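Trainee: Here it is, the structure, as structure tokens.
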Amino acid sequence: MHLLVTLILQRIGLGVVTLFGISLMIFFAMEILPGDLAQETLGQSATPEAVAALRAELGLDQPAITRFFQWFSGILHGDLGTSLANKRDISELLVSRFKNTLALASYSAVIAVPVAVTLGLLAALYRGSIFDRTVNVLSLSAVSLPEFFIAYLLIFFLSAKFGLFPSISNVSADTSFSEYMHRAFLPALTMALVVTAHMMRMTRAAIINLLASPYIAMARLKGASPMRIILIHALPNALAPIINVVSLNLAYLITGVVLVEIVFVYPGLGQLIVDSVSKRDIPVVQATCLVFATVYITLNLTADVLSIATNPRLMHRK
Amino acid sequence: MWEEFKKAPLSAWFGMLMILCYLVLMVFADLIAPYSETEVVSFQYAPWSSEFLLGTDNLGRDMLSRLIFAARNTVGIAILTTILAFTLGGALGLLAATIGGWLDQILSRLVEMLMGVPALILALLLLTVFGTGVVSLICVIAVIDATRVYRLTRSVAMNVVVMEFVDAARLRGERMGWIMRREILPNIMPPLVAEFGLRFCFVFLTISALSFLGLGVQPPTADWGSMVRDNATLISFGDITPLLPAAAIGLLTISINFIVDWMLHRTSGLKD
């Protein structure tokens, strides 16, 4: 067990270092900006005095490295600074948006994960059959389509033609659970469709890879039933790749959310970042980026830790 | 060669036929399109008619003509970006694998850092810094995509660098550049070619997505992503016109994926 703990701790340490590196990158990316934030906010026609005053107010007269550590220690204390556009506290802004995005991502994950893993298992089991080929072509097509196409297709049929679900998912903190399920159904379904295709293909590939190993052939020669081979022999070893597939796709949901939120006017993080980019509200863009990166890295980290922890070969090692 | 083609599955044939159509549209856009790219020819949102086959858009420009011109703009930008990404990522990956040591360490850590942020989010961050416009769009996406190309090139080249014929070339005193170009590059080409198709799809979808968000190709240039955005309101009235540019994007990526899928299947030698 000692080796297992060391491996996991190493992986977590690496994750923390990467995250620190990314926050460095996010901060210093803005330093490449021609001129600086003060000049950018006030425009070309501003007097040098006004620019200097704003610079002092924003603390831009200090060296970049000092400002980085101020920014970074602020983040560690939960203070992300204030928005340039409306002078609001960014942490406050992010928390409610982040909750909405998480809710949407979990909603679609709940739809997508069971369907994808089952379909992937079945396609691997009945490899080469009509079922496998149909699923293969369909999933390949779904992977290739832009998210907004699927989103508008769903709006066109389920909202405009049949009026089953609203095309704008207007949710707030006091929307009831059943009402939320109804209003957020279309965005959740859009993401679920895209992610299911990815996840299903990866699960299929992982299982097929595994079924080619000698010990499976051995089990088959012993006369074990196909179900037994899949569940008892293949699945424990396939757990790591499947966990990886699921987490990779959950991480993918985090990005996919941006487009889907825009199409359905869903008040989440994705909409916030796009709005802030077009308004060039740099502190908000930085903070949102950091949140996205943190979630992304945490998901990858969890997947790694889980696949280390569930690896039968590591577990039974003396 | 022809024998191989004859054995291609239906999906791959469909893909090749479609790509041929797109190429014809790109090259002969001026001849095929009934109106010009930016000319306002009618009132806004004119319905489908014999005069305007697919109606007009939010400013009264002919939809069909813009769809055709967008093939040239959107696909052209995506191809350029992918080539740039491959040149940059491929060259650095090759260098890292051949020279190794501190250069490999620095580049690999940097790439790891860049890949720690989801691609679209990183693109949004960098576009905030460099501003929105075609040039910065191409550069930003090329750099982001180069990280993925770097990873692949480096790992494939690593396997070739340790081969005897590379050692032999080194021992007979060939220069580093010569070894990379004549010994390593030809041996890592096949996986890179398949990857080119996949990376192109990714680049193409990212650029369309950014244009759809209003942060990519800027008006009045015709572009599929921004065309969807501009005309999206029509969908709630049950009009499918805004879906056409999105379908054009999807059809191209599906076609490429079908071909790549067939190529990968063939080269992997899997028999199922």
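By convention here, the chains of the structure tokens are called A, B, ... in the order presented, each chain's residues are numbered starting at 1, and ligands are numbered starting at 1 in the order presented.
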Enumerate as a PyMOL selection string the residues belonging to chain B that approach chain A to within 6 Å, with only C-alpha atoms taken into account.

Mentor: chain B and resi 113+117+128-129+235-236+238+246+250+253-254

Trainee: Do you know which residues are at most 10 Å from Gln44 in chain B counting only C-alpha atoms, after dropping those on the same chain fewer than 2 positions away, and could you put them as a list in words?

Mentor: Val40, Val41, Ser42, Ala46, Pro47, Gly55, Thr56, Asp57, Asn58, Leu59, Gly60, Arg61 and Asp62 of chain B

Trainee: Separation of CA of His77 in chain A and CA of Leu124 in chain B, in Å?

Mentor: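 Atom-to-atom, CA of His77 in chain A and CA of Leu124 in chain B are spaced 25.8 Å apart.
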
Trainee: Quick one: residues within 12 Å of Ala212 in chain A, only C-alpha atoms, excluding same-chain residues fewer than 4 positions away - as a PyMOL selection string?

Mentor: (chain A and resi 124-125+205-208+216-220+234) or (chain B and resi 270-272)

Trainee: Take the residues that were just selected and, keeping C-alpha atoms, output them as a PDB file, in the first residue's frame.

Mentor:
```
ATOM      1  CA  ALA A 124     -17.379  -3.644 -28.154  1.00  0.00           C
ATOM      2  CA  LEU A 125     -19.160  -6.884 -27.322  1.00  0.00           C
ATOM      3  CA  ALA A 205     -11.846   1.380 -28.016  1.00  0.00           C
ATOM      4  CA  ALA A 206     -10.673   0.734 -24.449  1.00  0.00           C
ATOM      5  CA  ILE A 207     -12.708  -2.477 -24.127  1.00  0.00           C
ATOM      6  CA  ILE A 208     -11.682  -3.787 -27.561  1.00  0.00           C
ATOM      7  CA  ILE A 216      -9.131 -12.858 -22.029  1.00  0.00           C
ATOM      8  CA  ALA A 217      -8.393 -15.438 -24.707  1.00  0.00           C
ATOM      9  CA  MET A 218      -7.519 -17.819 -21.885  1.00  0.00           C
ATOM     10  CA  ALA A 219     -10.839 -17.181 -20.157  1.00  0.00           C
ATOM     11  CA  ARG A 220     -12.630 -17.740 -23.443  1.00  0.00           C
ATOM     12  CA  ALA A 234     -12.381  -7.455 -18.377  1.00  0.00           C
TER      13      ALA A 234
ATOM     14  CA  LEU B 270      -6.983  -4.139 -37.329  1.00  0.00           C
ATOM     15  CA  LYS B 271      -9.220  -6.881 -38.624  1.00  0.00           C
ATOM     16  CA  ASP B 272     -12.547  -7.096 -36.940  1.00  0.00           C
TER      17      ASP B 272
END
```

Trainee: Residues near range 172-177 of chain B, anyone? I mean within 12 Å using only C-alpha atoms, not counting same-chain ones fewer than 2 positions away, as an NGL selection string.

Mentor: :B and (91 or 94-95 or 97-99 or 161 or 165-170 or 179-185)
